[in-house]
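S.K.: Supplied structure: data_24.txt, compact mmCIF, C-alpha atoms and all ligand atoms.
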# COMPACT_ATOMS: atom_id res chain seq x y z
CA MET A 1 -3.77 15.24 23.32
CA TYR A 2 -1.28 14.07 20.69
CA ASP A 3 0.35 16.42 18.20
CA VAL A 4 -0.04 13.76 15.54
CA VAL A 5 -1.59 10.32 15.27
CA ILE A 6 0.14 8.39 12.49
CA ILE A 7 -2.05 5.64 11.05
CA GLY A 8 -0.12 2.78 9.45
CA SER A 9 3.34 1.35 10.00
CA GLY A 10 4.69 0.75 6.51
CA PRO A 11 7.78 2.67 5.36
CA ALA A 12 5.81 5.96 5.28
CA GLY A 13 4.36 5.56 8.78
CA LEU A 14 7.61 4.29 10.32
CA CYS A 15 9.66 7.05 8.76
CA ALA A 16 7.09 9.58 9.99
CA SER A 17 7.37 8.09 13.54
CA ILE A 18 11.13 8.51 13.45
CA TYR A 19 10.94 12.10 12.21
CA ALA A 20 8.18 12.98 14.67
CA LYS A 21 10.18 11.62 17.59
CA ARG A 22 13.30 13.46 16.52
CA ALA A 23 11.25 16.68 16.15
CA GLY A 24 10.01 16.31 19.73
CA LEU A 25 6.37 15.89 18.71
CA ARG A 26 3.93 13.94 20.86
CA ALA A 27 3.15 11.20 18.37
CA VAL A 28 1.70 7.72 18.32
CA THR A 29 1.71 5.28 15.43
CA VAL A 30 -1.35 3.06 15.24
CA GLU A 31 -0.81 -0.24 13.44
CA ARG A 32 -3.40 -2.90 12.70
CA ASN A 33 -0.98 -5.83 12.76
CA PHE A 34 1.74 -6.74 15.19
CA ILE A 35 4.20 -6.86 12.29
CA SER A 36 5.35 -3.48 11.01
CA GLY A 37 6.51 -2.83 7.47
CA GLY A 38 3.29 -2.83 5.45
CA GLN A 39 3.47 -4.34 1.97
CA VAL A 40 7.26 -4.58 2.24
CA VAL A 41 7.13 -7.59 4.56
CA ASN A 42 5.59 -9.65 1.75
CA THR A 43 8.39 -8.81 -0.66
CA TYR A 44 11.03 -11.47 -1.14
CA GLU A 45 13.83 -9.16 -2.15
CA VAL A 46 14.21 -5.38 -2.32
CA ASP A 47 17.05 -4.32 -4.56
CA ASN A 48 16.46 -0.61 -5.13
CA TYR A 49 16.83 0.90 -1.69
CA PRO A 50 20.24 2.58 -1.33
CA GLY A 51 22.60 0.95 1.13
CA LEU A 52 20.58 -2.25 1.52
CA PRO A 53 21.04 -4.14 -1.78
CA GLY A 54 19.05 -7.35 -2.07
CA ILE A 55 17.55 -7.12 1.41
CA ASN A 56 14.63 -9.41 2.23
CA GLY A 57 11.40 -7.38 2.59
CA PHE A 58 10.56 -8.80 6.01
CA ASP A 59 14.04 -7.95 7.33
CA MET A 60 13.71 -4.45 5.93
CA GLY A 61 10.38 -3.91 7.71
CA MET A 62 11.97 -5.14 10.94
CA LYS A 63 14.97 -2.83 10.49
CA PHE A 64 12.70 0.20 10.05
CA ARG A 65 10.72 -0.79 13.14
CA GLU A 66 13.86 -1.44 15.23
CA HIS A 67 15.08 2.03 14.34
CA ALA A 68 11.80 3.57 15.55
CA ASP A 69 11.87 1.46 18.73
CA LYS A 70 15.45 2.47 19.44
CA LEU A 71 14.40 6.13 19.40
CA GLY A 72 11.50 5.37 21.75
CA CYS A 73 8.65 5.99 19.29
CA GLU A 74 5.20 5.17 20.66
CA PHE A 75 3.13 2.44 18.97
CA GLN A 76 -0.36 1.08 19.51
CA THR A 77 -1.78 -2.06 17.94
CA ALA A 78 -5.38 -1.19 17.12
CA THR A 79 -7.75 -0.87 14.19
CA VAL A 80 -8.86 2.67 13.43
CA GLN A 81 -12.61 2.76 12.90
CA ALA A 82 -13.26 6.48 12.33
CA ILE A 83 -11.59 9.87 12.14
CA LYS A 84 -13.73 12.79 13.32
CA LYS A 85 -12.97 16.48 13.23
CA GLN A 86 -13.79 18.58 16.28
CA GLN A 87 -14.33 22.27 15.70
CA GLY A 88 -11.81 24.76 17.02
CA LYS A 89 -12.72 27.69 19.28
CA ASN A 90 -12.32 30.28 16.48
CA GLN A 91 -14.49 28.29 14.10
CA MET A 92 -17.24 27.98 16.71
CA LEU A 93 -17.18 31.73 17.38
CA LEU A 94 -17.25 32.51 13.65
CA GLN A 95 -20.08 30.09 13.12
CA ALA A 96 -22.08 31.60 16.01
CA ALA A 97 -21.65 35.00 14.34
CA SER A 98 -22.59 33.45 10.94
CA ILE A 99 -19.25 34.46 9.45
CA GLU A 100 -17.64 32.10 6.99
CA SER A 101 -13.88 31.94 7.03
CA ASP A 102 -11.30 29.68 5.51
CA LYS A 103 -8.36 31.59 6.92
CA GLU A 104 -5.59 29.34 8.08
CA GLN A 105 -5.56 30.85 11.58
CA ASP A 106 -9.02 29.44 12.05
CA ASN A 107 -7.83 25.90 11.46
CA GLN A 108 -7.69 25.04 15.09
CA GLY A 109 -9.97 22.04 15.16
CA THR A 110 -8.65 18.85 16.65
CA PHE A 111 -9.44 15.26 15.72
CA ILE A 112 -10.80 12.21 17.43
CA VAL A 113 -9.38 8.95 16.14
CA GLU A 114 -11.68 6.13 17.16
CA THR A 115 -10.10 2.69 17.41
CA ASP A 116 -11.30 -0.71 18.57
CA LYS A 117 -9.16 -0.16 21.68
CA GLY A 118 -10.39 3.35 22.55
CA ILE A 119 -10.20 6.97 21.50
CA LEU A 120 -7.15 9.10 20.66
CA GLU A 121 -7.36 12.90 20.66
CA THR A 122 -4.95 14.66 18.35
CA LYS A 123 -4.16 17.98 16.70
CA CYS A 124 -3.16 16.31 13.41
CA VAL A 125 -3.72 13.01 11.63
CA LEU A 126 -1.13 11.51 9.30
CA ALA A 127 -2.70 8.91 7.02
CA ALA A 128 -0.15 6.28 6.00
CA MET A 129 -2.44 3.29 5.53
CA GLY A 130 -0.96 2.35 2.17
CA ALA A 131 -2.76 0.15 -0.28
CA SER A 132 -4.15 -3.35 -0.62
CA HIS A 133 -4.29 -5.85 -3.50
CA ALA A 134 -6.69 -5.22 -6.35
CA LYS A 135 -8.90 -8.12 -7.40
CA LEU A 136 -9.72 -9.41 -10.87
CA GLY A 137 -13.41 -9.93 -10.14
CA ILE A 138 -13.65 -13.09 -12.27
CA PRO A 139 -15.59 -16.28 -11.44
CA GLY A 140 -13.65 -18.58 -9.11
CA GLU A 141 -11.34 -15.88 -7.75
CA GLU A 142 -13.17 -15.37 -4.48
CA GLU A 143 -14.41 -18.95 -4.13
CA LEU A 144 -10.89 -20.39 -4.49
CA SER A 145 -9.08 -17.69 -2.53
CA GLY A 146 -6.76 -19.50 -0.13
CA MET A 147 -7.31 -22.71 -2.11
CA GLY A 148 -4.81 -21.94 -4.82
CA VAL A 149 -5.71 -18.32 -5.49
CA SER A 150 -3.26 -15.99 -3.77
CA TYR A 151 -2.24 -12.33 -3.77
CA CYS A 152 1.17 -12.91 -2.21
CA ALA A 153 3.78 -15.15 -3.84
CA THR A 154 6.29 -14.79 -1.03
CA CYS A 155 3.64 -15.81 1.53
CA ASP A 156 2.17 -18.77 -0.36
CA GLY A 157 4.70 -19.69 -3.05
CA ALA A 158 6.27 -22.49 -0.99
CA PHE A 159 3.01 -24.49 -1.21
CA PHE A 160 3.52 -24.80 -4.95
CA LYS A 161 6.99 -26.35 -5.01
CA GLY A 162 7.41 -28.57 -8.08
CA ARG A 163 3.98 -27.55 -9.41
CA THR A 164 2.56 -25.27 -12.09
CA THR A 165 1.35 -21.75 -11.36
CA ALA A 166 0.12 -18.71 -13.24
CA VAL A 167 0.75 -15.08 -12.34
CA ILE A 168 -1.65 -12.46 -13.69
CA GLY A 169 -0.38 -8.91 -14.30
CA GLY A 170 2.51 -7.11 -15.92
CA GLY A 171 3.82 -4.70 -13.27
CA ASP A 172 6.75 -4.92 -10.86
CA VAL A 173 4.84 -7.14 -8.44
CA ALA A 174 3.70 -9.63 -11.12
CA VAL A 175 7.20 -9.98 -12.54
CA GLU A 176 8.82 -10.23 -9.08
CA ASP A 177 6.25 -12.87 -8.15
CA ALA A 178 6.91 -14.89 -11.30
CA ILE A 179 10.68 -14.75 -10.70
CA PHE A 180 10.19 -15.83 -7.10
CA LEU A 181 7.83 -18.68 -8.02
CA ALA A 182 10.15 -19.91 -10.79
CA ARG A 183 12.71 -20.80 -8.10
CA GLY A 184 10.45 -23.56 -6.76
CA CYS A 185 7.75 -24.26 -9.35
CA GLU A 186 8.20 -26.57 -12.27
CA LYS A 187 6.48 -24.12 -14.60
CA VAL A 188 5.23 -20.55 -14.25
CA TYR A 189 2.97 -18.76 -16.73
CA LEU A 190 2.85 -14.98 -16.69
CA VAL A 191 -0.47 -13.92 -18.19
CA HIS A 192 -0.53 -10.30 -19.28
CA ARG A 193 -3.29 -8.39 -21.04
CA ARG A 194 -0.95 -6.40 -23.32
CA ASP A 195 2.13 -7.14 -25.46
CA GLU A 196 4.46 -5.16 -23.23
CA LEU A 197 5.25 -5.34 -19.50
CA ARG A 198 5.27 -2.24 -17.33
CA ALA A 199 7.72 -3.73 -14.81
CA ALA A 200 11.26 -2.34 -14.45
CA GLU A 201 13.62 -3.35 -17.29
CA ILE A 202 16.02 -5.16 -14.94
CA LEU A 203 13.17 -7.38 -13.69
CA GLN A 204 11.96 -8.07 -17.22
CA ARG A 205 15.44 -9.17 -18.25
CA GLU A 206 15.69 -11.58 -15.33
CA LEU A 207 12.23 -12.96 -16.01
CA LYS A 208 12.92 -13.57 -19.69
CA SER A 209 16.13 -15.45 -18.83
CA LEU A 210 14.26 -18.07 -16.80
CA PRO A 211 13.70 -21.34 -18.72
CA ASN A 212 10.62 -22.40 -16.75
CA VAL A 213 8.71 -19.13 -17.26
CA GLU A 214 6.38 -18.65 -20.22
CA ILE A 215 4.86 -15.25 -20.88
CA ILE A 216 1.40 -15.35 -22.41
CA TRP A 217 0.87 -11.97 -24.10
CA ASP A 218 -2.34 -10.12 -24.97
CA THR A 219 -4.34 -12.42 -22.77
CA ILE A 220 -6.93 -11.95 -20.06
CA ALA A 221 -8.15 -14.41 -17.46
CA LEU A 222 -11.81 -15.37 -17.79
CA SER A 223 -12.28 -17.68 -14.80
CA ILE A 224 -10.43 -19.83 -12.30
CA ASP A 225 -11.74 -23.37 -12.12
CA GLY A 226 -11.47 -26.10 -9.52
CA LYS A 227 -13.56 -27.99 -7.02
CA ASP A 228 -11.77 -27.62 -3.68
CA GLN A 229 -8.49 -26.43 -5.17
CA VAL A 230 -7.43 -24.53 -8.28
CA GLU A 231 -7.24 -26.86 -11.28
CA ALA A 232 -7.30 -24.59 -14.32
CA LEU A 233 -7.27 -21.03 -15.58
CA GLN A 234 -9.49 -20.12 -18.51
CA ILE A 235 -7.91 -17.46 -20.71
CA LYS A 236 -8.67 -15.47 -23.84
CA ASN A 237 -6.35 -13.84 -26.33
CA VAL A 238 -7.71 -10.31 -26.76
CA LYS A 239 -6.26 -9.94 -30.29
CA THR A 240 -7.46 -13.21 -31.81
CA GLY A 241 -10.42 -13.88 -29.51
CA GLU A 242 -9.13 -17.44 -29.07
CA LYS A 243 -10.00 -19.08 -25.77
CA SER A 244 -7.92 -21.75 -24.07
CA GLU A 245 -7.26 -23.46 -20.76
CA LEU A 246 -4.09 -23.54 -18.67
CA SER A 247 -3.79 -26.47 -16.33
CA VAL A 248 -2.42 -24.89 -13.12
CA ASP A 249 -2.29 -25.61 -9.38
CA GLY A 250 -2.11 -22.01 -8.29
CA VAL A 251 -3.05 -18.54 -9.55
CA PHE A 252 -1.25 -15.47 -8.23
CA VAL A 253 -3.11 -12.24 -8.87
CA ALA A 254 -0.85 -9.17 -9.14
CA VAL A 255 -2.96 -6.58 -10.91
CA GLY A 256 -2.14 -3.50 -8.88
CA ILE A 257 -3.11 -1.88 -5.65
CA LEU A 258 -6.06 -0.04 -4.14
CA PRO A 259 -5.54 2.79 -1.66
CA GLN A 260 -6.86 2.03 1.82
CA SER A 261 -8.51 5.43 2.14
CA GLU A 262 -12.09 4.53 3.23
CA LEU A 263 -11.58 6.20 6.62
CA LEU A 264 -10.73 9.50 4.96
CA LEU A 265 -13.59 9.77 2.50
CA ASP A 266 -15.70 11.85 4.92
CA VAL A 267 -12.91 14.07 6.25
CA THR A 268 -10.86 14.99 3.21
CA VAL A 269 -10.71 14.79 -0.60
CA CYS A 270 -9.77 11.66 -2.56
CA ASP A 271 -9.42 11.34 -6.35
CA GLU A 272 -11.60 9.11 -8.56
CA LYS A 273 -9.36 6.09 -7.83
CA GLY A 274 -9.53 6.66 -4.08
CA TYR A 275 -6.05 8.13 -3.60
CA VAL A 276 -5.96 10.91 -1.00
CA VAL A 277 -5.28 14.21 -2.75
CA ALA A 278 -1.99 15.51 -1.32
CA GLY A 279 1.25 16.85 -2.76
CA GLU A 280 4.82 15.89 -1.90
CA ASP A 281 4.47 17.90 1.32
CA GLY A 282 1.68 15.54 2.43
CA VAL A 283 -0.76 18.41 2.95
CA CYS A 284 -4.37 17.32 2.31
CA LYS A 285 -7.38 19.47 1.49
CA THR A 286 -8.52 19.40 5.13
CA PRO A 287 -6.30 21.40 7.51
CA GLY A 288 -4.72 19.11 10.08
CA ILE A 289 -4.87 16.02 7.88
CA PHE A 290 -1.73 14.82 6.12
CA ALA A 291 -1.00 11.82 3.91
CA ALA A 292 2.16 9.86 3.13
CA GLY A 293 3.09 6.83 1.04
CA ASP A 294 1.04 4.72 -1.39
CA ILE A 295 -2.26 6.16 -0.14
CA ARG A 296 -1.68 9.61 -1.66
CA THR A 297 -1.80 10.90 -5.23
CA LYS A 298 1.74 10.52 -6.61
CA LYS A 299 3.71 9.30 -9.57
CA LEU A 300 6.12 6.75 -8.15
CA ARG A 301 5.00 4.30 -5.46
CA GLN A 302 8.16 2.76 -4.05
CA ILE A 303 9.60 2.16 -0.59
CA ILE A 304 11.97 5.06 -0.96
CA THR A 305 9.25 7.51 -2.00
CA ALA A 306 7.01 6.29 0.85
CA ALA A 307 9.83 6.84 3.36
CA ALA A 308 10.50 10.30 1.92
CA ASP A 309 6.78 11.10 2.19
CA GLY A 310 6.86 10.26 5.91
CA ALA A 311 9.67 12.75 6.47
CA ASN A 312 8.02 15.48 4.36
CA ALA A 313 4.63 15.05 6.00
CA ILE A 314 6.06 15.40 9.50
CA THR A 315 7.81 18.62 8.43
CA SER A 316 4.41 19.87 7.24
CA VAL A 317 2.82 18.83 10.55
CA GLN A 318 5.44 20.87 12.42
CA GLU A 319 4.79 23.91 10.20
CA TYR A 320 1.03 23.55 10.68
CA LEU A 321 1.30 23.34 14.48
CA LEU A 322 3.61 26.36 14.58
CA LYS A 323 1.52 28.47 12.22
CA ASN A 324 -1.72 27.75 14.02
CA LYS A 325 -0.18 27.92 17.49
CA ILE A 326 -1.84 24.72 18.61
P1 LIG A 401 0.99 -1.84 -11.25
O1 LIG A 401 2.33 -1.31 -11.51
O2 LIG A 401 -0.16 -0.93 -11.27
O3 LIG A 401 0.74 -3.02 -12.30
C1 LIG A 401 -0.49 -3.67 -12.36
C2 LIG A 401 -0.44 -4.62 -13.55
O4 LIG A 401 -1.66 -5.36 -13.56
C3 LIG A 401 -0.32 -3.91 -14.89
O5 LIG A 401 0.55 -4.62 -15.72
C4 LIG A 401 -1.76 -3.95 -15.42
O6 LIG A 401 -1.80 -4.04 -16.81
C5 LIG A 401 -2.28 -5.22 -14.84
N1 LIG A 401 -3.72 -5.17 -14.60
C6 LIG A 401 -4.43 -4.24 -13.93
N2 LIG A 401 -5.73 -4.57 -13.91
C7 LIG A 401 -5.84 -5.74 -14.58
C8 LIG A 401 -6.92 -6.58 -14.89
N3 LIG A 401 -8.17 -6.32 -14.52
N4 LIG A 401 -6.67 -7.71 -15.60
C9 LIG A 401 -5.42 -8.00 -15.98
N5 LIG A 401 -4.35 -7.25 -15.71
C10 LIG A 401 -4.56 -6.12 -15.01
O7 LIG A 401 0.89 -2.58 -9.83
P2 LIG A 401 1.95 -3.44 -8.97
O8 LIG A 401 2.80 -4.28 -9.84
O9 LIG A 401 1.13 -4.08 -7.91
O10 LIG A 401 2.84 -2.34 -8.28
C11 LIG A 401 2.23 -1.34 -7.44
C12 LIG A 401 3.21 -0.20 -7.23
O11 LIG A 401 4.30 -0.62 -6.42
C13 LIG A 401 3.81 0.29 -8.54
O12 LIG A 401 3.94 1.67 -8.48
C14 LIG A 401 5.15 -0.40 -8.57
O13 LIG A 401 6.11 0.27 -9.35
C15 LIG A 401 5.52 -0.43 -7.09
N6 LIG A 401 6.45 -1.54 -6.80
C16 LIG A 401 7.78 -1.32 -6.91
C17 LIG A 401 8.68 -2.36 -6.66
C18 LIG A 401 10.15 -2.13 -6.79
O14 LIG A 401 10.58 -1.01 -6.98
N7 LIG A 401 10.98 -3.14 -6.65
C19 LIG A 401 8.23 -3.62 -6.32
C20 LIG A 401 6.87 -3.81 -6.24
C21 LIG A 401 5.99 -2.77 -6.49
P3 LIG A 401 -1.37 -2.84 -17.80
O15 LIG A 401 0.12 -2.84 -17.78
O16 LIG A 401 -1.96 -3.21 -19.09
O17 LIG A 401 -1.97 -1.61 -17.20
Here is the file; what I need is its structure written in the form of structure tokens.
M.R.:
Amino acid sequence: MYDVVIIGSGPAGLCASIYAKRAGLRAVTVERNFISGGQVVNTYEVDNYPGLPGINGFDMGMKFREHADKLGCEFQTATVQAIKKQQGKNQMLLQAASIESDKEQDNQGTFIVETDKGILETKCVLAAMGASHAKLGIPGEEELSGMGVSYCATCDGAFFKGRTTAVIGGGDVAVEDAIFLARGCEKVYLVHRRDELRAAEILQRELKSLPNVEIIWDTIALSIDGKDQVEALQIKNVKTGEKSELSVDGVFVAVGILPQSELLLDVTVCDEKGYVVAGEDGVCKTPGIFAAGDIRTKKLRQIITAAADGANAITSVQEYLLKNKI
């Protein structure tokens, strides 16, 4: 029986592993891939984490993992398929006597975490599964995925050296991707649906200084065309209604993230966008379930806030275990 099963090994999960180990909790971190770090490993450069200016995202993920390994944190590579709550003794007694209670001292149920490698029994679950790339849902996007349509410039950008690409989106990721691609591509279009970017000012400044980047404002993508490979992007100016075609070899979609919270929908509360409802302390609506990082409702989704979440959530796990004497 674990004190806590941490699901996910991005900055939130890895930081939680470190804090759990240091707190003397019996913890295991379940990760789907052999490479830890989550979304960070696909980031070319991270320049806003104190003490590590300009670090490569992959190196940062490795550093976090090395730290956890050095402390002896336990990891399992497996895919979690379900999280199930088992009733505690008090709850069963109350139910038998037909008494309803939501008192905290009755929160003594444990959880079964089912994975493709077996079952884990735990007193608490810490959800740190992060988020995945949102899709545009336009014709050609799915059909040409991997054939010029990509969601990761640092993974696939090298294939487009000396060629023309388009990035869709106006957030930090879109602007970082365009800057990264501009280093190797002959020309990069940034297609954004509004007349203002939401990316950090420092990134916008760098982007606008690049001679081979052209920002196409107030424009949406209609379809991605090509036979076996991307050949063109059809676009429409939302202010004038004018349609046109960009001749491109690659399209990088960077239109935000979607929380990977499917596993939690039956065991706790998520908001209308799928983010797990939890405050800074990581406490979810279901006793014994905690959330940290991009998966939870929060204002600022950054590496540093994900790492902080991991620390806060483990503190809440400790308090929960103490309070409920389990
Ligand atoms: P984001 O900040 O949500 O930006 C998504 C962008 O895509 C927005 O510009 C949005 O347009 C646009 N968009 C959304 N749906 C669209 C659609 N259907 N068609 C066209 N455009 C669409 O997402 P993100 O850039 O992936 O970043 C995710 C989170 O990670 C953010 O909180 C971000 O700050 C953080 N992050 C931080 C760093 C860093 O600190 N260095 C790096 C990467 C990511 P509108 O602007 O019109 O809404």
S.K.: Which residues form the shell of 6 Å around ligand LIG 401 (chain A) when you count all atoms listed in the file, given as a list of chain:residue names?
M.R.: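 Those residues are A:Val46, A:Leu136, A:Gly169, A:Gly170, A:Gly171, A:Asp172, A:Val173, A:Ala174, A:Arg193, A:Arg194, A:Leu197, A:Arg198, A:Ile220, A:Ala254, A:Val255, A:Gly256, A:Ile257, A:Leu300, A:Arg301, A:Gln302.
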S.K.: With 3 Å on each side, where is the centre of the axis-aligned box around all listed atoms of region 51-68 of chain A, and how long are its edges in Å to one decimal, as JSON?
M.R.:
{"center_x": 16.5, "center_y": -2.9, "center_z": 6.7, "size_x": 18.2, "size_y": 19.0, "size_z": 23.6}
S.K.: Neighbours of region 23-40 of chain A within 7 Å (all atoms listed in the file; same-chain residues fewer than 4 positions away dropped), as a VMD selection string?
M.R.: chain A and resid 2 to 11 17 19 57 to 58 61 to 62 65 74 to 79
S.K.: Residues within 9 Å of Leu120 (chain A), please, as a list in words. Count all atoms listed in the file; anything in the same chain fewer than 2 positions from it doesn't count.
M.R.: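 What passes the distance filter is Met1, Tyr2, Val5, Phe111, Ile112, Val113, Glu114, Thr115, Gly118 and Thr122 of chain A.
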S.K.: Between CA of Glu201 (chain A) and CA of Ile295 (chain A), what is the distance in Å, rounded to a tenth?
M.R.: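 Separation of CA of Glu201 (chain A) and CA of Ile295 (chain A): 25.2 Å.
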